[in-house]
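Student: Provided below: query_33.txt, containing compact mmCIF, C-alpha atoms.
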```txt
# COMPACT_ATOMS: atom_id res chain seq x y z
CA MET A 1 29.45 -62.94 111.94
CA ALA A 2 28.83 -59.33 110.88
CA GLU A 3 29.31 -60.28 107.23
CA GLY A 4 26.65 -63.00 107.56
CA GLU A 5 24.17 -60.55 109.06
CA ASP A 6 24.93 -58.00 106.33
CA MET A 7 24.39 -60.64 103.66
CA GLN A 8 21.09 -61.68 105.26
CA THR A 9 19.97 -58.05 105.43
CA PHE A 10 20.96 -57.52 101.79
CA THR A 11 19.06 -60.65 100.73
CA SER A 12 15.93 -59.58 102.59
CA ILE A 13 16.11 -56.13 101.00
CA MET A 14 16.50 -57.62 97.55
CA ASP A 15 13.57 -59.96 98.15
CA ALA A 16 11.46 -57.01 99.25
CA LEU A 17 12.44 -55.05 96.13
CA VAL A 18 11.54 -58.00 93.91
CA ARG A 19 8.14 -58.30 95.62
CA ILE A 20 7.52 -54.56 95.25
CA SER A 21 8.60 -54.66 91.61
CA THR A 22 6.30 -57.62 90.91
CA SER A 23 3.43 -55.96 92.73
CA MET A 24 3.92 -52.75 90.75
CA LYS A 25 4.13 -54.67 87.48
CA ASN A 26 0.93 -56.53 88.28
CA MET A 27 -0.82 -53.32 89.34
CA GLU A 28 0.09 -51.65 86.05
CA LYS A 29 -2.55 -53.80 84.31
CA GLU A 30 -5.21 -52.06 86.41
CA LEU A 31 -3.98 -48.63 85.35
CA LEU A 32 -4.25 -49.09 81.55
CA CYS A 33 -7.08 -47.50 79.57
CA PRO A 34 -9.01 -50.20 77.65
CA VAL A 35 -9.07 -47.96 74.55
CA CYS A 36 -5.51 -46.68 74.13
CA GLN A 37 -3.85 -49.35 76.33
CA GLU A 38 -1.79 -46.66 78.04
CA MET A 39 -1.81 -45.18 81.54
CA TYR A 40 -5.06 -43.40 82.35
CA LYS A 41 -5.03 -39.66 81.78
CA GLN A 42 -8.01 -37.73 83.16
CA PRO A 43 -10.09 -40.93 83.50
CA LEU A 44 -13.88 -40.70 83.49
CA VAL A 45 -16.17 -43.08 85.39
CA LEU A 46 -18.80 -44.62 83.11
CA PRO A 47 -22.24 -45.59 84.51
CA CYS A 48 -21.11 -49.23 84.30
CA THR A 49 -18.28 -48.29 86.78
CA HIS A 50 -15.52 -48.84 84.20
CA ASN A 51 -13.01 -46.11 83.41
CA VAL A 52 -11.75 -44.57 80.19
CA CYS A 53 -9.47 -41.64 79.32
CA GLN A 54 -11.42 -38.48 78.56
CA ALA A 55 -9.70 -37.99 75.19
CA CYS A 56 -10.37 -41.63 74.28
CA ALA A 57 -14.03 -41.26 75.27
CA ARG A 58 -14.36 -38.21 73.04
CA GLU A 59 -12.86 -40.08 70.13
CA VAL A 60 -15.13 -43.09 70.64
CA LEU A 61 -18.20 -40.85 70.68
CA GLY A 62 -16.96 -39.15 67.52
CA GLN A 63 -16.60 -42.51 65.80
CA GLN A 64 -20.16 -43.39 66.87
CA GLY A 65 -21.47 -40.21 65.23
CA TYR A 66 -22.11 -38.23 68.41
CA ILE A 67 -20.65 -34.83 67.63
CA GLY A 68 -20.52 -32.09 70.25
CA HIS A 69 -21.19 -34.34 73.26
CA GLY A 70 -17.66 -34.68 74.59
CA GLY A 71 -18.05 -31.85 77.08
CA ASP A 72 -15.39 -31.40 79.70
CA PRO A 73 -16.19 -32.69 83.18
CA SER A 74 -16.45 -30.02 85.81
CA SER A 75 -13.19 -31.01 87.46
CA GLU A 76 -11.17 -30.69 84.25
CA PRO A 77 -7.89 -28.89 85.05
CA THR A 78 -6.47 -26.10 82.96
CA SER A 79 -3.08 -27.73 82.77
CA PRO A 80 -1.09 -27.25 79.59
CA ALA A 81 0.24 -30.76 80.23
CA SER A 82 -3.26 -32.17 79.67
CA THR A 83 -3.66 -30.77 76.19
CA PRO A 84 -3.90 -33.23 73.26
CA SER A 85 -0.47 -32.25 71.97
CA THR A 86 1.21 -33.50 75.14
CA ARG A 87 -0.69 -36.76 75.42
CA SER A 88 0.45 -40.05 74.05
CA PRO A 89 1.97 -39.88 70.54
CA ARG A 90 -0.54 -42.52 69.50
CA LEU A 91 -3.45 -40.27 70.46
CA SER A 92 -1.85 -37.08 69.17
CA ARG A 93 -2.01 -38.41 65.62
CA ARG A 94 -5.78 -38.85 65.76
CA THR A 95 -7.83 -36.44 63.66
CA LEU A 96 -10.36 -34.31 65.56
CA PRO A 97 -13.48 -32.85 63.90
CA LYS A 98 -13.17 -29.27 62.66
CA PRO A 99 -14.98 -26.57 64.71
CA ASP A 100 -17.18 -25.45 61.80
CA ARG A 101 -18.31 -29.02 61.24
CA LEU A 102 -19.05 -29.39 64.94
CA ASP A 103 -21.21 -26.23 64.83
CA ARG A 104 -23.06 -27.38 61.72
CA LEU A 105 -23.82 -30.86 63.06
CA LEU A 106 -24.63 -29.58 66.51
CA LYS A 107 -27.20 -27.14 65.16
CA SER A 108 -28.73 -29.77 62.88
CA GLY A 109 -30.09 -31.84 65.74
CA PHE A 110 -28.98 -30.73 69.19
CA GLY A 111 -29.15 -27.66 71.42
CA THR A 112 -31.04 -24.44 70.68
CA TYR A 113 -30.53 -21.71 68.16
CA PRO A 114 -32.58 -18.81 66.71
CA GLY A 115 -35.77 -20.04 65.10
CA ARG A 116 -35.94 -23.27 67.07
CA LYS A 117 -38.02 -23.64 70.21
CA ARG A 118 -36.48 -25.24 73.23
CA GLY A 119 -37.72 -28.76 73.67
CA ALA A 120 -39.11 -28.97 70.15
CA LEU A 121 -37.28 -32.23 69.65
CA HIS A 122 -36.89 -35.08 72.06
CA PRO A 123 -33.49 -34.96 73.79
CA GLN A 124 -31.11 -37.48 72.33
CA VAL A 125 -29.98 -40.29 74.61
CA ILE A 126 -26.28 -40.86 74.04
CA MET A 127 -25.04 -44.45 74.17
CA PHE A 128 -21.38 -45.22 74.80
CA PRO A 129 -19.90 -48.61 73.78
CA CYS A 130 -17.88 -49.58 76.84
CA PRO A 131 -14.72 -51.39 75.69
CA ALA A 132 -14.37 -53.18 79.04
CA CYS A 133 -17.78 -54.83 79.42
CA GLN A 134 -18.61 -54.78 75.68
CA GLY A 135 -22.00 -53.25 76.43
CA ASP A 136 -23.74 -50.02 75.43
CA VAL A 137 -23.89 -47.59 78.36
CA GLU A 138 -26.42 -44.76 78.49
CA LEU A 139 -24.76 -41.40 79.19
CA GLY A 140 -27.87 -39.24 79.05
CA GLU A 141 -28.32 -36.18 76.86
CA ARG A 142 -25.30 -34.36 78.35
CA GLY A 143 -22.83 -36.99 77.25
CA LEU A 144 -19.38 -36.89 78.82
CA ALA A 145 -20.20 -33.60 80.56
CA GLY A 146 -22.39 -35.56 82.97
CA LEU A 147 -19.60 -37.93 84.09
CA PHE A 148 -17.30 -37.64 87.08
CA ARG A 149 -13.53 -37.69 86.84
CA ASN A 150 -11.98 -40.59 88.75
CA LEU A 151 -9.58 -38.50 90.81
CA THR A 152 -8.66 -41.45 93.03
CA LEU A 153 -7.51 -43.41 90.00
CA GLU A 154 -5.56 -40.36 88.84
CA ARG A 155 -3.76 -40.19 92.17
CA VAL A 156 -2.96 -43.91 92.02
CA VAL A 157 -1.55 -43.48 88.50
CA GLU A 158 0.57 -40.53 89.66
CA ARG A 159 1.89 -42.44 92.66
CA TYR A 160 2.68 -45.38 90.39
CA ARG A 161 4.53 -43.18 87.92
CA GLN A 162 6.47 -41.63 90.77
CA SER A 163 7.35 -45.02 92.26
CA VAL A 164 8.66 -46.49 89.01
CA SER A 165 10.73 -43.40 88.23
CA VAL A 166 12.52 -43.18 91.60
CA GLY A 167 16.05 -41.95 91.09
CA GLY A 168 15.28 -40.64 87.60
CA ALA A 169 15.12 -36.98 86.67
CA ILE A 170 11.71 -35.31 86.34
CA LEU A 171 11.41 -33.99 82.81
CA CYS A 172 9.64 -30.92 81.50
CA GLN A 173 6.17 -31.82 80.25
CA LEU A 174 5.98 -29.02 77.68
CA CYS A 175 9.33 -29.30 75.90
CA LYS A 176 9.60 -30.60 72.38
CA PRO A 177 11.45 -33.93 72.22
CA PRO A 178 13.92 -34.47 73.71
CA PRO A 179 12.55 -32.77 76.88
CA LEU A 180 14.87 -30.94 79.29
CA GLU A 181 15.05 -31.65 82.99
CA ALA A 182 12.31 -29.87 84.92
CA THR A 183 13.34 -27.11 87.33
CA LYS A 184 9.94 -25.83 88.45
CA GLY A 185 6.46 -27.07 89.10
CA CYS A 186 3.12 -25.26 89.12
CA THR A 187 0.26 -26.41 91.33
CA GLU A 188 -2.27 -24.33 89.41
CA CYS A 189 -1.21 -25.72 86.02
CA ARG A 190 -0.46 -29.19 87.41
CA ALA A 191 2.65 -29.47 85.27
CA THR A 192 6.42 -29.43 85.51
CA PHE A 193 8.50 -26.96 83.49
CA CYS A 194 12.04 -26.16 82.55
CA ASN A 195 13.00 -22.50 82.98
CA GLU A 196 12.19 -21.51 79.40
CA CYS A 197 8.81 -23.31 79.29
CA PHE A 198 7.80 -21.83 82.65
CA LYS A 199 8.39 -18.33 81.30
CA LEU A 200 6.58 -19.19 78.07
CA PHE A 201 3.43 -20.45 79.81
CA HIS A 202 3.48 -17.77 82.53
CA PRO A 203 3.92 -14.57 80.52
CA TRP A 204 4.48 -11.35 82.40
CA GLY A 205 1.37 -9.22 82.92
CA THR A 206 -1.11 -12.12 82.78
CA GLN A 207 -2.98 -13.90 85.56
CA LYS A 208 -0.75 -16.96 85.15
CA ALA A 209 2.23 -14.81 86.07
CA GLN A 210 0.82 -14.80 89.63
CA HIS A 211 1.26 -18.60 89.90
CA GLU A 212 3.79 -19.53 92.54
CA PRO A 213 6.46 -21.96 91.27
CA THR A 214 7.18 -25.08 93.32
CA LEU A 215 9.72 -27.84 93.15
CA PRO A 216 9.18 -30.20 90.20
CA THR A 217 7.00 -33.17 91.07
CA LEU A 218 4.70 -35.68 89.38
CA SER A 219 2.11 -35.86 92.17
CA PHE A 220 0.06 -32.68 91.84
CA ARG A 221 -3.13 -33.07 93.82
CA PRO A 222 -6.20 -32.53 91.58
CA LYS A 223 -9.04 -30.26 92.58
CA GLY A 224 -11.93 -31.62 94.60
CA LEU A 225 -14.71 -33.59 92.94
CA MET A 226 -17.42 -31.26 91.63
CA CYS A 227 -20.99 -31.95 90.53
CA PRO A 228 -21.02 -31.94 86.71
CA ASP A 229 -24.57 -30.50 86.70
CA HIS A 230 -24.23 -27.57 89.14
CA LYS A 231 -20.46 -27.06 89.48
CA GLU A 232 -20.84 -27.46 93.25
CA GLU A 233 -18.80 -29.67 95.53
CA VAL A 234 -20.41 -33.07 96.05
CA THR A 235 -21.58 -33.56 99.62
CA HIS A 236 -23.97 -36.52 99.50
CA TYR A 237 -24.39 -39.92 97.91
CA CYS A 238 -27.66 -41.14 96.37
CA LYS A 239 -27.97 -44.84 97.14
CA THR A 240 -30.92 -45.19 94.75
CA CYS A 241 -29.00 -43.80 91.75
CA GLN A 242 -25.61 -44.87 93.15
CA ARG A 243 -24.27 -41.43 92.28
CA LEU A 244 -22.55 -38.59 94.12
CA VAL A 245 -24.73 -35.47 94.38
CA CYS A 246 -24.39 -31.89 95.58
CA GLN A 247 -26.76 -29.82 97.74
CA LEU A 248 -28.67 -28.60 94.67
CA CYS A 249 -29.10 -32.14 93.38
CA ARG A 250 -30.89 -33.10 96.60
CA VAL A 251 -33.76 -30.68 95.98
CA ARG A 252 -34.25 -31.69 92.35
CA ARG A 253 -37.16 -33.89 91.31
CA THR A 254 -34.66 -36.35 89.86
CA HIS A 255 -33.74 -37.50 93.37
CA SER A 256 -37.15 -37.02 94.96
CA GLY A 257 -37.89 -39.88 97.34
CA HIS A 258 -34.42 -41.34 96.91
CA LYS A 259 -32.33 -42.59 99.79
CA ILE A 260 -29.55 -39.99 100.16
CA THR A 261 -26.78 -40.17 102.72
CA PRO A 262 -23.88 -37.81 103.54
CA VAL A 263 -20.75 -38.57 101.57
CA LEU A 264 -18.90 -39.18 104.86
CA SER A 265 -21.26 -42.03 105.72
CA ALA A 266 -20.92 -43.52 102.23
CA TYR A 267 -17.14 -43.11 102.43
CA GLN A 268 -16.92 -44.87 105.79
CA ALA A 269 -19.31 -47.67 104.79
CA LEU A 270 -17.53 -48.38 101.49
CA LYS A 271 -14.11 -48.11 103.09
CA ASP A 272 -15.10 -50.56 105.83
CA LYS A 273 -16.48 -53.02 103.27
CA LEU A 274 -13.43 -52.73 101.05
CA THR A 275 -11.07 -53.05 104.00
CA LYS A 276 -12.93 -56.09 105.31
CA SER A 277 -12.92 -57.78 101.90
CA LEU A 278 -9.25 -56.96 101.31
CA THR A 279 -8.32 -58.20 104.78
CA TYR A 280 -10.12 -61.47 104.12
CA ILE A 281 -8.31 -61.92 100.78
CA LEU A 282 -4.90 -61.09 102.25
CA GLY A 283 -5.57 -63.42 105.18
CA ASN A 284 -6.36 -66.31 102.85
CA GLN A 285 -3.42 -66.16 100.48
CA ASP A 286 -2.74 -69.87 101.02
CA THR A 287 -6.29 -70.62 99.92
CA VAL A 288 -5.86 -68.41 96.88
CA GLN A 289 -2.63 -70.16 95.91
CA THR A 290 -4.23 -73.56 96.45
CA GLN A 291 -7.15 -72.62 94.23
CA ILE A 292 -4.75 -71.30 91.59
CA CYS A 293 -2.94 -74.64 91.60
CA GLU A 294 -6.27 -76.43 91.35
CA LEU A 295 -7.31 -74.24 88.42
CA GLU A 296 -3.98 -74.78 86.66
CA GLU A 297 -4.43 -78.53 87.09
CA ALA A 298 -7.97 -78.14 85.74
CA VAL A 299 -6.52 -76.33 82.72
CA ARG A 300 -4.07 -79.17 82.03
CA HIS A 301 -6.78 -81.79 82.53
CA THR A 302 -9.13 -79.83 80.27
CA GLU A 303 -6.53 -79.73 77.51
CA VAL A 304 -5.94 -83.50 77.72
CA SER A 305 -9.63 -84.39 78.08
CA GLY A 306 -10.60 -82.05 75.26
CA GLN A 307 -8.10 -83.67 72.92
CA GLN A 308 -9.36 -87.12 73.88
CA ALA A 309 -12.95 -86.05 73.31
CA LYS A 310 -12.03 -84.68 69.87
CA GLU A 311 -10.39 -87.99 68.93
CA GLU A 312 -13.37 -90.02 70.17
CA VAL A 313 -15.86 -87.87 68.26
CA SER A 314 -13.72 -88.05 65.13
CA GLN A 315 -13.53 -91.83 65.42
CA LEU A 316 -17.28 -92.20 65.90
CA VAL A 317 -18.05 -89.88 62.99
CA ARG A 318 -15.59 -91.80 60.83
CA GLY A 319 -17.44 -94.99 61.86
CA LEU A 320 -20.73 -93.44 60.80
CA GLY A 321 -19.11 -92.46 57.53
CA ALA A 322 -17.88 -96.02 56.98
CA VAL A 323 -21.38 -97.44 57.62
CA LEU A 324 -22.89 -94.91 55.24
CA GLU A 325 -20.29 -95.70 52.60
CA GLU A 326 -20.98 -99.44 52.93
CA LYS A 327 -24.73 -98.84 52.69
CA ARG A 328 -24.20 -96.59 49.68
CA ALA A 329 -22.23 -99.29 47.86
CA SER A 330 -24.92 -101.90 48.66
CA LEU A 331 -27.76 -99.70 47.39
CA LEU A 332 -25.87 -98.79 44.23
CA GLN A 333 -25.17 -102.49 43.54
CA ALA A 334 -28.88 -103.29 43.85
CA ILE A 335 -29.75 -100.52 41.41
CA GLU A 336 -27.05 -101.71 39.00
CA GLU A 337 -28.40 -105.30 38.98
CA CYS A 338 -31.97 -104.11 38.42
CA GLN A 339 -30.80 -101.84 35.62
CA GLN A 340 -28.90 -104.61 33.83
CA GLU A 341 -31.86 -107.01 34.06
CA ARG A 342 -34.23 -104.45 32.54
CA LEU A 343 -31.77 -103.55 29.79
CA ALA A 344 -31.48 -107.23 28.86
CA ARG A 345 -35.26 -107.66 28.65
CA LEU A 346 -35.70 -104.49 26.60
CA SER A 347 -32.86 -105.48 24.27
CA ALA A 348 -34.52 -108.90 23.65
CA GLN A 349 -37.83 -107.19 22.92
CA ILE A 350 -36.12 -104.86 20.45
CA GLN A 351 -34.60 -107.80 18.67
CA GLU A 352 -37.99 -109.51 18.40
CA HIS A 353 -39.56 -106.39 16.89
CA ARG A 354 -36.70 -105.93 14.46
CA SER A 355 -37.36 -109.43 13.15
CA LEU A 356 -40.82 -108.26 12.09
CA LEU A 357 -39.43 -105.62 9.79
CA ASP A 358 -39.71 -106.17 6.05
CA GLY A 359 -36.51 -107.80 4.87
CA SER A 360 -35.66 -109.13 8.28
CA GLY A 361 -34.73 -112.75 8.87
CA LEU A 362 -38.09 -114.01 10.17
CA VAL A 363 -40.21 -112.25 7.57
CA GLY A 364 -37.87 -113.25 4.73
CA TYR A 365 -37.82 -116.85 5.95
CA ALA A 366 -41.63 -116.89 6.09
CA GLN A 367 -41.84 -115.51 2.55
CA GLU A 368 -39.52 -118.22 1.29
CA VAL A 369 -41.50 -120.94 3.07
CA LEU A 370 -44.66 -119.74 1.36
CA LYS A 371 -43.00 -120.48 -1.99
CA GLU A 372 -42.86 -124.22 -1.08
CA THR A 373 -45.17 -126.26 -3.35
CA ASP A 374 -44.59 -129.61 -1.72
CA GLN A 375 -47.50 -129.83 0.65
CA PRO A 376 -46.08 -132.30 3.22
CA CYS A 377 -42.83 -130.41 3.38
CA PHE A 378 -44.66 -127.09 3.69
CA VAL A 379 -46.79 -128.34 6.60
CA GLN A 380 -43.73 -129.61 8.42
CA ALA A 381 -41.86 -126.27 8.09
CA ALA A 382 -44.82 -123.90 8.40
CA LYS A 383 -46.14 -125.39 11.66
CA GLN A 384 -43.13 -124.25 13.70
CA LEU A 385 -42.91 -120.96 11.77
CA HIS A 386 -46.59 -120.25 12.37
CA ASN A 387 -46.13 -120.44 16.16
CA ARG A 388 -43.38 -117.84 16.02
CA ILE A 389 -45.36 -115.56 13.68
CA ALA A 390 -48.44 -115.93 15.94
CA ARG A 391 -46.48 -114.88 19.03
CA ALA A 392 -44.96 -111.94 17.11
CA THR A 393 -48.42 -110.89 15.91
CA GLU A 394 -49.84 -111.07 19.44
CA ALA A 395 -46.91 -109.02 20.76
CA LEU A 396 -47.48 -106.44 18.04
CA GLN A 397 -51.18 -106.14 18.84
CA THR A 398 -50.70 -105.95 22.64
CA PHE A 399 -47.48 -103.95 22.69
CA ARG A 400 -45.99 -103.09 26.07
CA PRO A 401 -42.34 -102.58 27.01
CA ALA A 402 -40.88 -105.67 28.63
CA ALA A 403 -39.51 -103.55 31.52
CA SER A 404 -40.27 -100.19 33.12
CA SER A 405 -37.75 -97.37 32.68
CA SER A 406 -38.63 -95.78 36.04
CA PHE A 407 -36.59 -96.32 39.17
CA ARG A 408 -38.98 -94.61 41.55
CA HIS A 409 -39.01 -97.71 43.70
CA CYS A 410 -35.31 -97.08 44.34
CA GLN A 411 -35.80 -93.66 45.95
CA LEU A 412 -34.66 -93.27 49.54
CA ASP A 413 -36.49 -91.52 52.37
CA VAL A 414 -33.69 -90.17 54.56
CA GLY A 415 -35.78 -87.58 56.41
CA ARG A 416 -35.71 -89.50 59.69
CA GLU A 417 -32.00 -90.24 59.36
CA MET A 418 -31.20 -86.61 58.51
CA LYS A 419 -33.17 -85.45 61.54
CA LEU A 420 -31.30 -87.91 63.74
CA LEU A 421 -27.96 -86.70 62.37
CA THR A 422 -28.98 -83.08 62.81
CA GLU A 423 -30.00 -83.74 66.41
CA LEU A 424 -26.85 -85.73 67.07
CA ASN A 425 -25.39 -84.25 70.26
CA PHE A 426 -23.45 -85.08 73.37
CA LEU A 427 -24.92 -87.17 76.15
CA ARG A 428 -26.16 -85.28 79.19
CA VAL A 429 -24.02 -86.50 82.04
CA ARG A 430 -25.25 -85.82 85.54
CA GLY A 431 -22.95 -83.64 87.57
CA THR A 432 -21.75 -81.47 84.69
CA GLU A 433 -24.61 -78.98 84.97
CA GLY A 434 -23.79 -75.89 87.00
CA VAL A 435 -20.09 -76.64 87.36
CA ALA A 436 -19.59 -72.94 87.92
CA SER A 437 -21.79 -69.88 87.67
CA GLY A 438 -22.07 -68.98 84.03
CA ALA A 439 -19.91 -71.92 82.91
CA GLN A 440 -20.76 -73.49 79.56
CA THR A 441 -20.74 -77.24 79.04
CA CYS A 442 -20.92 -79.34 75.92
```
Go through the file and emit its structure as structure tokens.
Tutor:
Amino acid sequence: MAEGEDMQTFTSIMDALVRISTSMKNMEKELLCPVCQEMYKQPLVLPCTHNVCQACAREVLGQQGYIGHGGDPSSEPTSPASTPSTRSPRLSRRTLPKPDRLDRLLKSGFGTYPGRKRGALHPQVIMFPCPACQGDVELGERGLAGLFRNLTLERVVERYRQSVSVGGAILCQLCKPPPLEATKGCTECRATFCNECFKLFHPWGTQKAQHEPTLPTLSFRPKGLMCPDHKEEVTHYCKTCQRLVCQLCRVRRTHSGHKITPVLSAYQALKDKLTKSLTYILGNQDTVQTQICELEEAVRHTEVSGQQAKEEVSQLVRGLGAVLEEKRASLLQAIEECQQERLARLSAQIQEHRSLLDGSGLVGYAQEVLKETDQPCFVQAAKQLHNRIARATEALQTFRPAASSSFRHCQLDVGREMKLLTELNFLRVRGTEGVASGAQTC
């Protein structure tokens, strides 16, 4: 009896672990940067509400020709673990612009410098190509420096990393490969260190030497969210701009007349809405599964119906081709018959004219007949010959080809047919319009 209960408990635990593992695996898709396809590191929130790693955003702006606009957000930590050399190997190989080139390009069109009046040029509006929504997002003249860090997403990523590495050793984030096991953590640096790396990054006699070591962990809590414009803690939420603001932002003309609410009210309202929506979704899992099955069936039916439609269209177009081919053969046959008839008539006319040439059969025969001295015999032979000579003379005097060489009457006007073929399209079947919002039909 006890063994059966133990087996049932073990089975339930294993089922729970499988569900957790599946949930974690599914959630991982939400934690990948759309640029580098790796876990978010220091994600920034774009105006379109999508996220992107700060280093990736800088690189994208560099590729777009915006140099010197990848300013650090106000909540950027000073962690050695967040330096480019410790990021993903894929990103560490990317070439960054040289400082002297940044200075030169920055002075050529942006900022102020001796000899140039402030505001002499219109401020440049920086556009960022969002890889998630495939649209250009306006960042303003401050670029990335005007964006907030998504600290909540950072915390979720850290909790995820911690959950998937349960039971594994926490490694030093500053060691050269292969890293040693971490023995210390630093809340100020937000990094884990082995003994040697901790001493290296906290040299004696410097301010960092005052950092208190902690146990190694992967879940360092980031600093609070700060206003990127005034470096003050955000305390309110502008509903008009849909942006977090600080006390100084409230008195600026930018938010004059806007509907501003305390961040606590916005927090509670958004949390209630999200909780309500999530509760509804979780409470209707059967409906979700039913709709998934319906959609999967729609996919299968679409594949079959699409193939049938392709075959039907191909058959109809082949039928049109057969009719056109038959009509082509008929028209060509008519032209061929007309051509042969004209060639025959022209050939006969040529032969008649050749008989009028000196030394030809008709002329020679007429000359011989004229030598006849027997009058009755001459009259008998010359009468028939005279009719032929008379017709030949008339034809010579009123010459005209026996047949026209033009085939203009055989030209086709296919303008209407070409228009019909160009406008050939699918029938509009009632009930297919508006199948789903934004759905495209044939």
Student: Residues at most 7 Å from segment 400-413 of chain A, counting only C-alpha atoms, excluding those fewer than 3 positions away in the same chain, as a VMD selection string?
Tutor: chain A and resid 342 345 to 346 349
Student: Give me the residues within 12 Å of segment 243-248 of chain A as a PyMOL selection string, counting all atoms listed in the file and dropping any in the same chain fewer than 4 places off.
Tutor: chain A and resi 45-49+146-149+225-239+252-256+258-264+266-267
Student: In Å to one decimal, how far is atom CA of Arg58 of chain A from atom CA of Leu144 of chain A?
Tutor: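 Atom-to-atom, atom CA of Leu144 of chain A to atom CA of Arg58 of chain A, that is 7.8 Å.
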Student: Using all atoms listed in the file, can you list as a ChimeraX atom specification the residues within 10 Å of (13.6, -32.2, 85.0)?
Tutor: /A:168-173,179-185,192-195,216-217
Student: Skipping near chain neighbours, those fewer than 2 positions away, what residues fall within 12 Å of Leu32 of chain A using only C-alpha atoms, listed as a PyMOL selection string?
Tutor: chain A and resi 25-30+34-41+43+50-53+132+153-154+156-157+160
Student: What's the separation between atom CA of Cys175 of chain A and atom CA of Phe198 of chain A, in Å to one decimal place?
Tutor: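 Between atom CA of Cys175 of chain A and atom CA of Phe198 of chain A the gap works out to 10.2 Å.
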Student: Could you add the missing atoms to segment 342-353 of chain A, up to N, CA, C and O atoms, and return them as a PDB file, in the coordinates of the input?
Tutor:
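selection.pdb written:
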```pdb
ATOM      1  N   ARG A 342     -33.257-105.132  33.395  1.00  0.00           N
ATOM      2  CA  ARG A 342     -34.230-104.450  32.540  1.00  0.00           C
ATOM      3  C   ARG A 342     -33.669-104.185  31.151  1.00  0.00           C
ATOM      4  O   ARG A 342     -34.371-104.323  30.138  1.00  0.00           O
ATOM      5  N   LEU A 343     -32.394-103.795  31.092  1.00  0.00           N
ATOM      6  CA  LEU A 343     -31.770-103.550  29.790  1.00  0.00           C
ATOM      7  C   LEU A 343     -31.742-104.819  28.947  1.00  0.00           C
ATOM      8  O   LEU A 343     -31.964-104.780  27.720  1.00  0.00           O
ATOM      9  N   ALA A 344     -31.499-105.962  29.601  1.00  0.00           N
ATOM     10  CA  ALA A 344     -31.480-107.230  28.860  1.00  0.00           C
ATOM     11  C   ALA A 344     -32.864-107.559  28.291  1.00  0.00           C
ATOM     12  O   ALA A 344     -33.002-107.983  27.125  1.00  0.00           O
ATOM     13  N   ARG A 345     -33.906-107.348  29.097  1.00  0.00           N
ATOM     14  CA  ARG A 345     -35.260-107.660  28.650  1.00  0.00           C
ATOM     15  C   ARG A 345     -35.685-106.709  27.528  1.00  0.00           C
ATOM     16  O   ARG A 345     -36.316-107.118  26.543  1.00  0.00           O
ATOM     17  N   LEU A 346     -35.353-105.451  27.647  1.00  0.00           N
ATOM     18  CA  LEU A 346     -35.700-104.490  26.600  1.00  0.00           C
ATOM     19  C   LEU A 346     -34.927-104.771  25.314  1.00  0.00           C
ATOM     20  O   LEU A 346     -35.475-104.632  24.196  1.00  0.00           O
ATOM     21  N   SER A 347     -33.671-105.156  25.457  1.00  0.00           N
ATOM     22  CA  SER A 347     -32.860-105.480  24.270  1.00  0.00           C
ATOM     23  C   SER A 347     -33.454-106.678  23.531  1.00  0.00           C
ATOM     24  O   SER A 347     -33.518-106.707  22.281  1.00  0.00           O
ATOM     25  N   ALA A 348     -33.903-107.725  24.269  1.00  0.00           N
ATOM     26  CA  ALA A 348     -34.520-108.900  23.650  1.00  0.00           C
ATOM     27  C   ALA A 348     -35.800-108.519  22.910  1.00  0.00           C
ATOM     28  O   ALA A 348     -36.081-109.002  21.805  1.00  0.00           O
ATOM     29  N   GLN A 349     -36.588-107.614  23.545  1.00  0.00           N
ATOM     30  CA  GLN A 349     -37.830-107.190  22.920  1.00  0.00           C
ATOM     31  C   GLN A 349     -37.560-106.412  21.630  1.00  0.00           C
ATOM     32  O   GLN A 349     -38.283-106.550  20.637  1.00  0.00           O
ATOM     33  N   ILE A 350     -36.494-105.598  21.662  1.00  0.00           N
ATOM     34  CA  ILE A 350     -36.120-104.860  20.450  1.00  0.00           C
ATOM     35  C   ILE A 350     -35.737-105.807  19.334  1.00  0.00           C
ATOM     36  O   ILE A 350     -36.131-105.629  18.166  1.00  0.00           O
ATOM     37  N   GLN A 351     -34.997-106.828  19.675  1.00  0.00           N
ATOM     38  CA  GLN A 351     -34.600-107.800  18.670  1.00  0.00           C
ATOM     39  C   GLN A 351     -35.810-108.506  18.066  1.00  0.00           C
ATOM     40  O   GLN A 351     -35.864-108.748  16.847  1.00  0.00           O
ATOM     41  N   GLU A 352     -36.774-108.856  18.895  1.00  0.00           N
ATOM     42  CA  GLU A 352     -37.990-109.510  18.400  1.00  0.00           C
ATOM     43  C   GLU A 352     -38.731-108.608  17.424  1.00  0.00           C
ATOM     44  O   GLU A 352     -39.232-109.048  16.387  1.00  0.00           O
ATOM     45  N   HIS A 353     -38.831-107.307  17.765  1.00  0.00           N
ATOM     46  CA  HIS A 353     -39.560-106.390  16.890  1.00  0.00           C
ATOM     47  C   HIS A 353     -38.786-106.127  15.601  1.00  0.00           C
ATOM     48  O   HIS A 353     -39.397-105.943  14.537  1.00  0.00           O
TER      49      HIS A 353
END
```
